[in-house]
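Undergrad: So here's structure_14.json, just JSON, C-alpha atoms:
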[["chain", "number", "residue", "atom", "x", "y", "z"],
["Q", 9, "MET", "CA", 18.73, 39.17, -5.19],
["Q", 10, "ILE", "CA", 17.75, 37.73, -1.83],
["Q", 11, "LEU", "CA", 15.33, 40.54, -0.94],
["Q", 12, "ASP", "CA", 13.34, 39.78, -4.09],
["Q", 13, "LYS", "CA", 12.46, 36.38, -2.62],
["Q", 14, "PHE", "CA", 10.53, 38.09, 0.17],
["Q", 15, "LYS", "CA", 8.26, 39.98, -2.24],
["Q", 16, "LEU", "CA", 4.62, 38.90, -2.45],
["Q", 17, "ASP", "CA", 3.62, 40.83, -5.56],
["Q", 18, "LYS", "CA", 0.56, 39.33, -7.32],
["Q", 19, "LYS", "CA", -0.02, 36.89, -4.44],
["Q", 20, "ILE", "CA", -3.47, 36.48, -2.90],
["Q", 21, "ALA", "CA", -3.68, 35.85, 0.85],
["Q", 22, "ILE", "CA", -6.52, 34.90, 3.19],
["Q", 23, "VAL", "CA", -6.04, 35.99, 6.81],
["Q", 24, "THR", "CA", -8.54, 34.89, 9.47],
["Q", 25, "GLY", "CA", -9.12, 36.78, 12.68],
["Q", 26, "ALA", "CA", -7.98, 39.91, 10.88],
["Q", 27, "ALA", "CA", -10.20, 42.64, 12.37],
["Q", 28, "ARG", "CA", -7.56, 43.57, 14.93],
["Q", 29, "GLY", "CA", -4.57, 42.33, 16.89],
["Q", 30, "LEU", "CA", -2.21, 39.74, 15.47],
["Q", 31, "GLY", "CA", -4.37, 39.04, 12.43],
["Q", 32, "ARG", "CA", -4.48, 42.67, 11.39],
["Q", 33, "GLY", "CA", -0.75, 43.01, 12.01],
["Q", 34, "MET", "CA", 0.08, 40.04, 9.78],
["Q", 35, "ALA", "CA", -2.41, 41.05, 7.09],
["Q", 36, "VAL", "CA", -0.88, 44.53, 6.89],
["Q", 37, "GLY", "CA", 2.61, 43.03, 6.77],
["Q", 38, "LEU", "CA", 1.65, 40.76, 3.87],
["Q", 39, "ALA", "CA", 0.07, 43.70, 2.06],
["Q", 40, "GLU", "CA", 3.19, 45.82, 2.58],
["Q", 41, "ALA", "CA", 5.14, 42.98, 0.93],
["Q", 42, "GLY", "CA", 2.81, 43.13, -2.09],
["Q", 43, "ALA", "CA", -0.06, 40.70, -1.45],
["Q", 44, "ASP", "CA", -3.76, 41.31, -2.00],
["Q", 45, "ILE", "CA", -5.79, 40.26, 1.03],
["Q", 46, "VAL", "CA", -9.07, 38.59, 1.99],
["Q", 47, "LEU", "CA", -9.84, 39.50, 5.59],
["Q", 48, "VAL", "CA", -12.01, 37.11, 7.63],
["Q", 49, "ASP", "CA", -13.61, 37.86, 11.00],
["Q", 50, "LEU", "CA", -16.91, 38.18, 12.86],
["Q", 51, "LEU", "CA", -15.95, 41.69, 13.97],
["Q", 52, "ASP", "CA", -15.91, 44.89, 11.93],
["Q", 53, "MET", "CA", -12.96, 44.82, 9.52],
["Q", 54, "ALA", "CA", -13.36, 48.32, 8.06],
["Q", 55, "GLU", "CA", -10.26, 49.71, 9.74],
["Q", 56, "SER", "CA", -8.09, 46.79, 8.65],
["Q", 57, "GLN", "CA", -9.46, 47.00, 5.12],
["Q", 58, "GLU", "CA", -8.80, 50.73, 4.90],
["Q", 59, "GLN", "CA", -5.24, 50.27, 6.12],
["Q", 60, "ILE", "CA", -4.55, 47.70, 3.43],
["Q", 61, "ARG", "CA", -6.26, 49.59, 0.61],
["Q", 62, "ASN", "CA", -4.25, 52.67, 1.55],
["Q", 63, "LEU", "CA", -1.17, 50.60, 0.68],
["Q", 64, "GLY", "CA", -2.52, 50.24, -2.85],
["Q", 65, "ARG", "CA", -3.52, 46.61, -2.41],
["Q", 66, "ARG", "CA", -6.85, 44.99, -3.20],
["Q", 67, "CYS", "CA", -8.70, 43.92, -0.07],
["Q", 68, "GLU", "CA", -12.00, 42.08, 0.39],
["Q", 69, "THR", "CA", -13.75, 41.09, 3.62],
["Q", 70, "VAL", "CA", -15.77, 38.03, 4.65],
["Q", 71, "LYS", "CA", -17.82, 38.17, 7.82],
["Q", 72, "ALA", "CA", -17.76, 34.60, 9.07],
["Q", 73, "ASP", "CA", -18.32, 32.60, 12.23],
["Q", 74, "LEU", "CA", -15.32, 30.29, 12.26],
["Q", 75, "ALA", "CA", -16.96, 28.09, 14.86],
["Q", 76, "LYS", "CA", -18.98, 26.74, 11.94],
["Q", 77, "LYS", "CA", -17.50, 24.70, 9.11],
["Q", 78, "GLU", "CA", -20.11, 26.21, 6.79],
["Q", 79, "SER", "CA", -18.12, 29.46, 6.79],
["Q", 80, "VAL", "CA", -15.39, 27.86, 4.68],
["Q", 81, "ASP", "CA", -17.16, 28.01, 1.31],
["Q", 82, "ALA", "CA", -17.79, 31.77, 1.42],
["Q", 83, "ILE", "CA", -14.15, 32.45, 2.29],
["Q", 84, "ILE", "CA", -12.79, 30.31, -0.54],
["Q", 85, "GLN", "CA", -15.30, 31.67, -3.07],
["Q", 86, "THR", "CA", -14.50, 35.28, -2.19],
["Q", 87, "ALA", "CA", -10.78, 34.72, -2.73],
["Q", 88, "GLN", "CA", -11.38, 33.00, -6.06],
["Q", 89, "ASN", "CA", -14.18, 35.16, -7.43],
["Q", 90, "MET", "CA", -13.10, 38.58, -6.17],
["Q", 91, "LEU", "CA", -9.32, 38.34, -6.26],
["Q", 92, "GLY", "CA", -8.62, 35.44, -8.61],
["Q", 93, "GLY", "CA", -7.24, 32.58, -6.52],
["Q", 94, "ILE", "CA", -5.42, 31.61, -3.33],
["Q", 95, "ASP", "CA", -1.65, 31.62, -2.77],
["Q", 96, "ILE", "CA", -1.43, 32.09, 0.99],
["Q", 97, "LEU", "CA", -3.67, 31.06, 3.88],
["Q", 98, "VAL", "CA", -3.01, 32.42, 7.37],
["Q", 99, "ASN", "CA", -5.10, 30.51, 9.92],
["Q", 100, "ASN", "CA", -4.85, 33.07, 12.69],
["Q", 101, "ALA", "CA", -8.34, 33.16, 14.25],
["Q", 102, "GLY", "CA", -8.52, 31.72, 17.74],
["Q", 103, "ILE", "CA", -10.46, 32.00, 20.98],
["Q", 104, "ILE", "CA", -9.73, 31.11, 24.59],
["Q", 105, "ARG", "CA", -11.79, 30.15, 27.65],
["Q", 106, "ARG", "CA", -10.46, 30.17, 31.22],
["Q", 107, "ALA", "CA", -11.66, 28.03, 34.13],
["Q", 108, "PRO", "CA", -10.25, 25.36, 36.48],
["Q", 109, "ILE", "CA", -10.44, 21.88, 35.00],
["Q", 110, "THR", "CA", -12.94, 20.82, 37.68],
["Q", 111, "GLU", "CA", -15.31, 23.54, 36.47],
["Q", 112, "PHE", "CA", -14.60, 23.57, 32.73],
["Q", 113, "SER", "CA", -17.80, 23.21, 30.67],
["Q", 114, "ASP", "CA", -18.41, 21.18, 27.54],
["Q", 115, "LYS", "CA", -19.44, 24.39, 25.77],
["Q", 116, "ASP", "CA", -16.13, 26.06, 26.57],
["Q", 117, "TRP", "CA", -14.36, 22.95, 25.31],
["Q", 118, "ASP", "CA", -16.34, 22.72, 22.07],
["Q", 119, "ASP", "CA", -16.32, 26.45, 21.27],
["Q", 120, "VAL", "CA", -12.54, 26.64, 21.45],
["Q", 121, "MET", "CA", -11.88, 23.40, 19.61],
["Q", 122, "ASN", "CA", -14.29, 24.31, 16.80],
["Q", 123, "VAL", "CA", -12.56, 27.61, 16.04],
["Q", 124, "ASN", "CA", -8.97, 26.78, 16.88],
["Q", 125, "ILE", "CA", -8.57, 23.39, 15.20],
["Q", 126, "ARG", "CA", -11.72, 22.01, 13.51],
["Q", 127, "THR", "CA", -12.43, 24.88, 11.12],
["Q", 128, "LEU", "CA", -8.68, 25.52, 10.77],
["Q", 129, "PHE", "CA", -8.38, 22.03, 9.29],
["Q", 130, "PHE", "CA", -11.34, 22.30, 6.94],
["Q", 131, "LEU", "CA", -10.30, 25.75, 5.72],
["Q", 132, "SER", "CA", -6.79, 24.43, 5.11],
["Q", 133, "GLN", "CA", -8.27, 21.46, 3.25],
["Q", 134, "ALA", "CA", -10.36, 23.69, 1.01],
["Q", 135, "ALA", "CA", -7.51, 26.13, 0.33],
["Q", 136, "ALA", "CA", -5.13, 23.27, -0.40],
["Q", 137, "LYS", "CA", -7.54, 21.87, -3.01],
["Q", 138, "VAL", "CA", -7.52, 25.23, -4.78],
["Q", 139, "MET", "CA", -3.74, 25.51, -4.57],
["Q", 140, "VAL", "CA", -3.32, 22.03, -6.03],
["Q", 141, "GLU", "CA", -5.72, 22.81, -8.88],
["Q", 142, "GLN", "CA", -3.93, 26.09, -9.62],
["Q", 143, "GLY", "CA", -0.64, 24.21, -9.91],
["Q", 144, "ARG", "CA", 1.54, 27.05, -8.64],
["Q", 145, "GLY", "CA", 2.12, 25.87, -5.07],
["Q", 146, "GLY", "CA", 1.20, 27.87, -2.01],
["Q", 147, "LYS", "CA", 1.75, 28.65, 1.64],
["Q", 148, "ILE", "CA", -0.32, 27.77, 4.69],
["Q", 149, "ILE", "CA", 0.63, 29.47, 7.95],
["Q", 150, "ASN", "CA", -1.06, 28.45, 11.20],
["Q", 151, "THR", "CA", -1.03, 30.40, 14.45],
["Q", 152, "ALA", "CA", 0.13, 28.10, 17.24],
["Q", 153, "SER", "CA", 1.02, 29.26, 20.78],
["Q", 154, "MET", "CA", 3.44, 28.95, 23.67],
["Q", 155, "LEU", "CA", 0.91, 26.35, 24.83],
["Q", 156, "SER", "CA", 1.77, 24.23, 21.81],
["Q", 157, "PHE", "CA", 4.98, 23.60, 23.80],
["Q", 158, "GLN", "CA", 3.78, 23.98, 27.39],
["Q", 159, "GLY", "CA", 0.79, 22.97, 29.49],
["Q", 160, "GLY", "CA", -0.39, 26.25, 30.93],
["Q", 161, "ILE", "CA", -3.11, 26.55, 33.56],
["Q", 162, "LEU", "CA", -6.87, 27.13, 33.46],
["Q", 163, "VAL", "CA", -7.09, 26.79, 29.64],
["Q", 164, "PRO", "CA", -7.48, 23.07, 28.86],
["Q", 165, "SER", "CA", -9.26, 23.42, 25.51],
["Q", 166, "TYR", "CA", -6.88, 26.15, 24.37],
["Q", 167, "THR", "CA", -3.82, 24.05, 25.25],
["Q", 168, "ALA", "CA", -5.32, 21.00, 23.55],
["Q", 169, "SER", "CA", -6.21, 22.95, 20.42],
["Q", 170, "LYS", "CA", -2.86, 24.69, 20.10],
["Q", 171, "SER", "CA", -0.97, 21.43, 20.64],
["Q", 172, "ALA", "CA", -3.12, 20.01, 17.87],
["Q", 173, "VAL", "CA", -2.25, 22.96, 15.61],
["Q", 174, "MET", "CA", 1.43, 22.10, 15.87],
["Q", 175, "GLY", "CA", 0.79, 18.43, 15.11],
["Q", 176, "LEU", "CA", -1.57, 19.17, 12.23],
["Q", 177, "THR", "CA", 0.96, 21.59, 10.77],
["Q", 178, "ARG", "CA", 3.39, 18.68, 10.47],
["Q", 179, "LEU", "CA", 0.83, 16.37, 8.90],
["Q", 180, "LEU", "CA", -0.29, 18.96, 6.35],
["Q", 181, "ALA", "CA", 3.33, 19.68, 5.51],
["Q", 182, "ASN", "CA", 3.99, 15.99, 4.84],
["Q", 183, "GLU", "CA", 0.99, 15.56, 2.55],
["Q", 184, "LEU", "CA", 1.17, 18.85, 0.68],
["Q", 185, "ALA", "CA", 4.92, 19.16, 0.10],
["Q", 186, "PRO", "CA", 4.73, 17.15, -3.18],
["Q", 187, "HIS", "CA", 2.42, 19.89, -4.48],
["Q", 188, "HIS", "CA", 4.93, 22.63, -3.58],
["Q", 189, "ILE", "CA", 2.73, 23.82, -0.74],
["Q", 190, "ASN", "CA", 4.66, 24.77, 2.39],
["Q", 191, "VAL", "CA", 2.88, 24.48, 5.74],
["Q", 192, "ASN", "CA", 4.40, 26.04, 8.85],
["Q", 193, "ALA", "CA", 3.19, 27.70, 12.05],
["Q", 194, "ILE", "CA", 4.00, 30.73, 14.15],
["Q", 195, "ALA", "CA", 3.87, 30.41, 17.93],
["Q", 196, "PRO", "CA", 3.49, 33.92, 19.33],
["Q", 197, "GLY", "CA", 4.75, 34.55, 22.83],
["Q", 198, "TYR", "CA", 2.82, 36.64, 25.30],
["Q", 199, "MET", "CA", 1.31, 39.31, 23.07],
["Q", 200, "ALA", "CA", -0.68, 42.43, 23.95],
["Q", 201, "THR", "CA", -4.04, 41.29, 22.51],
["Q", 202, "ASP", "CA", -7.61, 40.89, 23.70],
["Q", 203, "ASN", "CA", -6.93, 37.25, 24.61],
["Q", 204, "THR", "CA", -4.27, 38.30, 27.13],
["Q", 205, "ALA", "CA", -6.12, 41.31, 28.56],
["Q", 206, "PRO", "CA", -7.08, 39.44, 31.77],
["Q", 207, "LEU", "CA", -3.44, 38.47, 32.34],
["Q", 208, "ARG", "CA", -2.16, 42.00, 31.77],
["Q", 209, "ALA", "CA", -4.82, 43.37, 34.11],
["Q", 210, "ASP", "CA", -3.69, 41.08, 36.94],
["Q", 211, "PRO", "CA", -0.65, 42.76, 38.55],
["Q", 212, "ALA", "CA", 0.81, 39.51, 39.92],
["Q", 213, "ARG", "CA", 0.41, 37.54, 36.69],
["Q", 214, "ASN", "CA", 1.60, 40.46, 34.56],
["Q", 215, "LYS", "CA", 4.78, 40.82, 36.63],
["Q", 216, "ALA", "CA", 5.43, 37.05, 36.65],
["Q", 217, "ILE", "CA", 5.15, 36.89, 32.87],
["Q", 218, "LEU", "CA", 7.31, 39.95, 32.22],
["Q", 219, "ASP", "CA", 9.96, 38.69, 34.66],
["Q", 220, "ARG", "CA", 10.37, 35.56, 32.52],
["Q", 221, "ILE", "CA", 10.53, 37.28, 29.12],
["Q", 222, "PRO", "CA", 14.17, 38.20, 28.34],
["Q", 223, "ALA", "CA", 12.98, 40.97, 26.03],
["Q", 224, "GLY", "CA", 11.25, 42.52, 29.04],
["Q", 225, "ARG", "CA", 7.97, 43.39, 27.29],
["Q", 226, "TRP", "CA", 4.77, 41.99, 25.87],
["Q", 227, "GLY", "CA", 4.87, 41.36, 22.14],
["Q", 228, "GLU", "CA", 3.01, 43.56, 19.66],
["Q", 229, "PRO", "CA", 1.22, 42.57, 16.42],
["Q", 230, "GLU", "CA", 4.01, 44.18, 14.41],
["Q", 231, "ASP", "CA", 6.44, 41.68, 15.90],
["Q", 232, "LEU", "CA", 4.85, 38.94, 13.76],
["Q", 233, "GLN", "CA", 5.01, 40.76, 10.43],
["Q", 234, "GLY", "CA", 8.55, 39.67, 9.55],
["Q", 235, "ILE", "CA", 8.01, 35.97, 10.19],
["Q", 236, "ALA", "CA", 4.63, 36.05, 8.42],
["Q", 237, "VAL", "CA", 6.15, 37.57, 5.29],
["Q", 238, "PHE", "CA", 9.05, 35.10, 5.41],
["Q", 239, "LEU", "CA", 6.78, 32.06, 5.71],
["Q", 240, "ALA", "CA", 4.49, 33.39, 2.96],
["Q", 241, "SER", "CA", 7.34, 34.05, 0.55],
["Q", 242, "GLU", "CA", 9.72, 32.17, -1.72],
["Q", 243, "ALA", "CA", 12.43, 32.76, 0.89],
["Q", 244, "SER", "CA", 10.99, 29.89, 2.98],
["Q", 245, "SER", "CA", 10.53, 27.44, 0.09],
["Q", 246, "TYR", "CA", 12.58, 24.70, 1.82],
["Q", 247, "MET", "CA", 10.89, 25.11, 5.21],
["Q", 248, "ASN", "CA", 8.08, 22.70, 5.97],
["Q", 249, "GLY", "CA", 6.25, 21.48, 9.07],
["Q", 250, "TYR", "CA", 8.01, 23.76, 11.54],
["Q", 251, "THR", "CA", 6.55, 25.86, 14.35],
["Q", 252, "VAL", "CA", 8.53, 29.06, 14.90],
["Q", 253, "ALA", "CA", 8.34, 30.71, 18.32],
["Q", 254, "VAL", "CA", 8.30, 34.51, 18.28],
["Q", 255, "ASP", "CA", 8.32, 35.00, 22.03],
["Q", 256, "GLY", "CA", 10.90, 37.52, 23.18],
["Q", 257, "GLY", "CA", 12.96, 34.60, 24.49],
["Q", 258, "TRP", "CA", 10.24, 33.05, 26.72],
["Q", 259, "LEU", "CA", 11.05, 29.44, 25.78],
["Q", 260, "ALA", "CA", 14.79, 30.05, 26.16],
["Q", 261, "ARG", "CA", 14.43, 31.10, 29.81]]
Can you dump the structure from the file as structure tokens?
TA:
Amino acid sequence: MILDKFKLDKKIAIVTGAARGLGRGMAVGLAEAGADIVLVDLLDMAESQEQIRNLGRRCETVKADLAKKESVDAIIQTAQNMLGGIDILVNNAGIIRRAPITEFSDKDWDDVMNVNIRTLFFLSQAAAKVMVEQGRGGKIINTASMLSFQGGILVPSYTASKSAVMGLTRLLANELAPHHINVNAIAPGYMATDNTAPLRADPARNKAILDRIPAGRWGEPEDLQGIAVFLASEASSYMNGYTVAVDGGWLAR
């Protein structure tokens, strides 16, 4: 039956940036589909963990600074030692810095690139090694952005990093497909998260954004649960290297 292909029973998923927002939404969605979860964040994950355990799923947490490559080992070891392996990796963690290009600092460039693309690659590399050794395939899901497709303004390192996420998703898909590992990305539209709080607080920018979204609203974390479960499941077994926009119609306008 087709709905059986969406089930994630006995799967083990790592979700970064999972303390709140989109990461928590996707982690809960994966747990509702049957997966056990490793949550990764610098922030307190107690609420996310409780939500998932209340679903009857196993859930462990790793407090990690994803600006540092050294965080990768603890994440991988927790998934293997505490839950028994890795089937799904959701690279959701991301940060943003805003300033005109004439004022943009090297720190704001490096901070964003380290979290959004450098550690994303090395965590994907480490998870892929485990998946290959396990011999049962796997799924890697990256969080891209509308700015994987567009230029944006005032966020040069964010645009660069999210464009790189889309390109790296394709490369990983090419190299890992022979091992039955699918690599795809989700590009959320304008979502009601901490990263967009300054935009939503600016009446002119908020109105301009909403006027362009055919759905007429900001997205919510729950709006990503369906696509996350699809990309993590057997239902997407012939999908590789693609970035799916979940944007309320923003790119169609």
Undergrad: Can you tell me which residues surround stretch 123-133 of chain Q at a distance of at most 6 Å, considering all atoms listed in the file, apart from same-chain residues fewer than 3 positions away, and format the answer as a list in words?
TA: Leu74, Ala75, Lys77, Val80, Gly102, Val120, Ala136 and Ser169 of chain Q
Undergrad: Which one of Q:Lys13, Q:Arg208, Q:Arg105, Q:Arg261 sits closest to Q:Ile221 if you count all atoms listed in the file?
TA: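 Nearest to Q:Ile221: Q:Arg261.
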Undergrad: Which residue is closest to Q:Arg178? Choose from Q:Ala193, Q:Val140, Q:Lys76, Q:Pro164 and count all atoms listed in the file.
TA: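 So, comparing all the options, the nearest one is Q:Ala193.
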Undergrad: With distances taken over all atoms listed in the file, which residue among Q:Asp202, Q:Thr251, Q:Ile194, Q:Leu47 lies nearest Q:Thr24?
TA: Q:Leu47
Undergrad: May I ask which of the residues Q:Ala223, Q:Val191, Q:Ala216, Q:Leu232 is the closest one to Q:Tyr246, counting all atoms listed in the file?
TA: Q:Val191
Undergrad: In Å, rounded to a single decimal, give me how far atom CA of Q:Ser241 is from atom CA of Q:Arg144.
TA: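 About the pair atom CA of Q:Arg144 and atom CA of Q:Ser241: they are 12.9 Å apart.
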Undergrad: Could you pull the residues within 7 Å of Q:Ala181, counting all atoms listed in the file, minus those fewer than 4 positions along the same chain, as a list in words?
TA: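 After dropping sequence-adjacent residues, the list is Thr177, Ala185, Asn190, Val191, Asn248 and Gly249 of chain Q.
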Undergrad: Which of these, Q:Ala35, Q:Met121, Q:Met199, Q:Ala134, has the shortest distance to Q:Val98 once you count all atoms listed in the file?
TA: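 Among Q:Ala35, Q:Met121, Q:Met199, Q:Ala134, it is Q:Ala35 that comes nearest to Q:Val98.
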Undergrad: To one decimal in Å, tell me the separation between atom CA of Q:Ala87 and atom CA of Q:Gly42.
TA: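 Result for atom CA of Q:Ala87 versus atom CA of Q:Gly42: 16.0 Å, one decimal.
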Undergrad: Q:Ile217, Q:Ile148, Q:Leu51, Q:Ala205: which is nearest Q:Asn192, counting all atoms listed in the file?
TA: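 The shortest atom-to-atom distance to Q:Asn192 comes from Q:Ile148.
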Undergrad: Q:Ala43: which residues within 6 Å, counting all atoms listed in the file, same-chain residues fewer than 2 positions away excluded, as an mmCIF file with C-alpha atoms, in the frame of the given file?
TA:
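New file around05.cif:
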data_model
loop_
_atom_site.group_PDB
_atom_site.id
_atom_site.type_symbol
_atom_site.label_atom_id
_atom_site.label_comp_id
_atom_site.auth_asym_id
_atom_site.auth_seq_id
_atom_site.Cartn_x
_atom_site.Cartn_y
_atom_site.Cartn_z
ATOM 1 C CA LEU Q 16 4.620 38.900 -2.450
ATOM 2 C CA ASP Q 17 3.620 40.830 -5.560
ATOM 3 C CA LYS Q 19 -0.020 36.890 -4.440
ATOM 4 C CA ILE Q 20 -3.470 36.480 -2.900
ATOM 5 C CA LEU Q 38 1.650 40.760 3.870
ATOM 6 C CA ALA Q 39 0.070 43.700 2.060
#
Undergrad: Determine, counting only C-alpha atoms, every residue of protein, DNA or RNA that lies within 9 Å of (10.2, 29.9, 23.2) in the file coordinates, then give the result as a ChimeraX atom specification.
TA: /Q:154,157,195-197,252-261
